[in-house]
Amino acid sequence: MNQVDLTNCDREPIHIPGAIQPFGFLLAVSPDWFVRHASANASEVLGAPVELGDSAVPLLGEAAAAAVRRHIQRLRDADAVERLFAVKVGAKQALMDLAVHRSGGALIIEGEPTIVEDEFDAASIVRVTIGRLQNHRDIVAMSAEAARQVRALTGFDRVMVYRFDEDGAGEVIAEAARGDLERFLGLHYPASDIPQQARRLYIRNWLRIIPDIGAAPVPVKPYTDANGDPLDLSHGMLRAVSPIHIEYLQNMGVGASMSVSILVRGKLWGLFACHHYSPRRISYTRRTAAELYGQMFSLLLESQERETAAHFELNARELHDRLMGAIVSDSPPFDVLVSFLDDFCEVISCDGVGVAVNGKYALRGSAPDEAQFTALIRFLNQASPSQIYGTHELQKRFEPAAAYADQAAGVLAVPISRSPRDYLVFFRKEAARTVNWAGDPSKPMSAGPLGDRLTPRKSFELWRETVRGQSVRWTDLDQRIAESLRVTMLEVILRLTDAAEKERKAAQDRQELLIAELNHRVRNILTLIRGLVGHSKSGAASVEEFSRVLNDRIHALSRAHDQITRGNWGSAPLKELFETEIAAYLGAKSDRFDMQGPNVLVAPNAFATLALVAHELVTNSAKYGALKDTHGKVTLRWERDDVGRLVILWTERGGPPVQAPKRRGFGSTVIERSIPYDLQGEAEIHYAVAGVEARFVIPAALAQFSEESSVRLAGAHEGKPIHRAPPRKEPALSGRALLVEDNLIIALDAEDMLTRMGAEGVDVAASVGDAMAIIERQMPAFAMLDVNLANETSFPIAEKLLEAGVHFVFATGYGDDLTMPKEFADVKVVSKPYEEADVAAALKKS
């Protein structure tokens, strides 16, 4: 006798049975309403003979046909079904509930007698019951309440919530049943109990009812159309039932059944399985309410799963940020990963974890020993280098793992490099458990009375099985988080591997910059000395006097450079900085320089930067500006503004006509950029024809003002007002905002934040393409851009906004480790998680 199992059911074409259940009728009509197929009972139900090729309009009645035509317009996709309730149909004008859908090129019209329920308010019932479900946060408790509510809604003797696992087997996790019935709660059913094609139909149809298990099906004639194709009844509410399924239910003693699908993220999560122990047909209205209930229950489940996923994904993001912050050039990749092993276990639930990097291994918690781990790594090397490898039963795929199944029965391996193969591996211990099956899950039996089809099992008595060598299964969420960790680890490994090379290159760059700057300094010094020689010679009466004057001036220049590298690096007076440089050029002609301002000490780091700026200003003025001409003068003023900053004003007059430089040399770069970049201050220089004008602002933290009277260099003009820059107004946050963020939760929070801050509207984009489309439609007033967007960056968006003059800021989870392109060096960056105050400060135009 050949042993067989119910997987043969997978070949049964249950969607084209060629028959319907007898509690209604079916017509299949062409687009112009001629009958192509009809159930054998259609003539009796409609009260008129039904002939193929006749118009269906007289059969249904003008009013009913018109109502159907109106609903056809709402059929937007292949899986759509339209419902009509209490329609007068046919010659008898009987009240019928109709379901209309398309199948291939035909329109399927199904009808069943209306069950009038005057007091039934489907919307109110569903709203109230779903409201009560929302009080439960635990899935099992919520399922138990749902089973009770569905039983109250439908009146079936037993309602079970049936959840599928990854292998397709199911478990009854909740049950509401008549008091005298045997309980099925906790029982497992093998995957073969529900064939694959039936599972596909459960996804396409939310509800399926069999009012009478013993009712004989009604044939649909003809079985095939003019092209020889059978009528596809995948969405038919009356579709006849597989004989194997009928016998299966009869073996359970069921008289009627109904199922409502539970879908999460488009996948079949489970079912509401409803059993009645005698025939039972509930109204189409009540079934529609049950279907709506199932959809709402599915959404609640999906929402809970998303909340859980968001929590773990947030932990994964925080771990990513901590890893990025821990990367330093002198830390080997292996040491960094080992220091984070405990953190990895917080992101993915596990009993142990191991890491393998460049032939070095570290293990934590419940895990194989190092030799076993080494062998496991060789096994993992056979898998794809870019995919997560996960199994809850390692010994089934890797036989040596049986030796340590009690410690590491399941693994989730995350490849973190391509060559050599490095891994982060999570372990779960064996979870030996007893499974209560509803009958023997293997179901060995022979062919039965249905010909070459299989006879389903007749015994559903408790059958216990002890399962060993398996761990708790890795969930889809575990897999998603592991994938995010893979991306993070690849970045960490790449950064750490390249750290030494980057450090060497940085040292080389620093040396080249130092050499270039030293060369520039030496050339300037030589030029200054040559000028000093020329000026000193003209006023000297003797060789001795010439030598003394020249020596004094060279020492003055030397003192200016000594100030930059002063040993104690204490704060120094601003006036001495300029006096040193001025004395080197003007000597006794200091009346050509008008300098005035309060006593102020400048912090050493700022003093060095200012010394370079002063040197370049004086040098350039001596070469090309007011100090080059014998009648030229320079006015220098400094003061403290309202917020305590040091403001320095440089004005040249009386020199040759000024032309803006055609090329920006190193000196010009120092003048214009060193204070903004090194000190976070401000620098402005204008090449007016009458003379160069410059304004510099030093932050308050770097300047210490004295209460003593102001200092004055001889030659200052009494009472001459100091030029003040006009006060700057900080514009209020207004206008429409562009928010670019690829994480939905962060985007929602940021959108609310920008709205509270005054944005008149927020356009949200998750990719460069979406953002560009928004900008094309309407240029925003300001923008906040997440730097990293999945597999791209927001820099193209930033370039577009920069060209249009739109103010924007960057947001990032990389903290200070993020290196920005030089064109965005002045753009403010807020680090995630950001506060409203941080964003508000960053978005204020400076």
# chains A, B, ... in the order shown; residues from 1 in each chain; ligands from 1

$ residues_around --residues "Arg286 of chain A" --least-positions-apart "6" --cutoff "8 Å" --atoms "only C-alpha atoms" --output "compact mmCIF listing (two decimals) with C-alpha atoms, in the first residue's frame"
# COMPACT_ATOMS: atom_id res chain seq x y z
CA ALA A 122 -23.18 46.67 11.24
CA LEU A 153 -21.51 38.78 15.80
CA THR A 154 -22.01 35.57 13.80

$ atom_distance --atom1 "atom CA of Ser484 of chain A" --atom2 "atom CA of Glu313 of chain A"
8.5 Å

$ residues_around --residues "His631 of chain A" --least-positions-apart "5" --cutoff "9 Å" --atoms "only C-alpha atoms" --output "number ranges by chain"
A: 592, 626, 653-655

$ write_last_selection --atoms "N, CA, C and O atoms" --output "mmCIF file, in the first residue's frame"
data_model
loop_
_atom_site.group_PDB
_atom_site.id
_atom_site.type_symbol
_atom_site.label_atom_id
_atom_site.label_comp_id
_atom_site.auth_asym_id
_atom_site.auth_seq_id
_atom_site.Cartn_x
_atom_site.Cartn_y
_atom_site.Cartn_z
ATOM 1 N N ARG A 592 50.447 107.957 10.068
ATOM 2 C CA ARG A 592 49.681 107.491 8.903
ATOM 3 C C ARG A 592 48.684 106.392 9.295
ATOM 4 O O ARG A 592 47.904 105.934 8.475
ATOM 5 N N ALA A 626 46.945 101.820 0.819
ATOM 6 C CA ALA A 626 47.193 103.165 1.330
ATOM 7 C C ALA A 626 48.612 103.345 1.841
ATOM 8 O O ALA A 626 49.203 104.424 1.720
ATOM 9 N N ARG A 653 42.495 104.950 3.111
ATOM 10 C CA ARG A 653 42.207 106.119 2.281
ATOM 11 C C ARG A 653 43.521 106.767 1.822
ATOM 12 O O ARG A 653 44.551 106.679 2.506
ATOM 13 N N GLY A 654 43.477 107.448 0.651
ATOM 14 C CA GLY A 654 44.626 108.220 0.179
ATOM 15 C C GLY A 654 45.631 107.426 -0.612
ATOM 16 O O GLY A 654 46.666 107.972 -1.021
ATOM 17 N N GLY A 655 45.395 106.156 -0.829
ATOM 18 C CA GLY A 655 46.318 105.344 -1.610
ATOM 19 C C GLY A 655 45.929 105.344 -3.074
ATOM 20 O O GLY A 655 45.038 106.078 -3.515
#

$ atom_distance --atom1 "atom CA of Ser259 of chain A" --atom2 "atom CA of Gly18 of chain A"
21.8 Å

$ select_by_dssp --residues "segment 647-700 of chain A" --states "strand (DSSP E)" --output "ChimeraX atom specification"
/A:647-653,682-688,691-698

$ closest_residue --among "A:Gly813, A:Gly625, A:Val116, A:Phe795" --to "Ser283 of chain A" --atoms "only C-alpha atoms"
A:Val116

$ residues_around --residues "Gly105 of chain A" --least-positions-apart "3" --cutoff "8 Å" --atoms "only C-alpha atoms" --output "list of chain:residue names"
A:Ser30, A:Pro31, A:Arg102

$ write_last_selection --atoms "N, CA and C atoms" --output "tab-separated table (two decimals), in the first residue's frame"
chain	number	residue	atom	x	y	z
A	30	SER	N	-21.44	38.58	-20.59
A	30	SER	CA	-20.43	39.28	-21.39
A	30	SER	C	-20.50	40.77	-21.09
A	31	PRO	N	-19.53	41.56	-21.58
A	31	PRO	CA	-19.57	43.01	-21.34
A	31	PRO	C	-20.85	43.65	-21.84
A	102	ARG	N	-15.57	40.90	-11.60
A	102	ARG	CA	-15.14	40.51	-12.93
A	102	ARG	C	-14.24	39.28	-12.84

$ atom_distance --atom1 "atom CA of Phe312 of chain A" --atom2 "atom CA of Gly168 of chain A"
25.7 Å

$ residues_around --residues "Val670 of chain A" --least-positions-apart "5" --cutoff "8 Å" --atoms "only C-alpha atoms" --output "count of residues only"
4

$ closest_residue --among "A:Leu649, A:Leu702, A:Ala405, A:Ile775" --to "Ala603 of chain A" --atoms "only C-alpha atoms"
A:Leu702
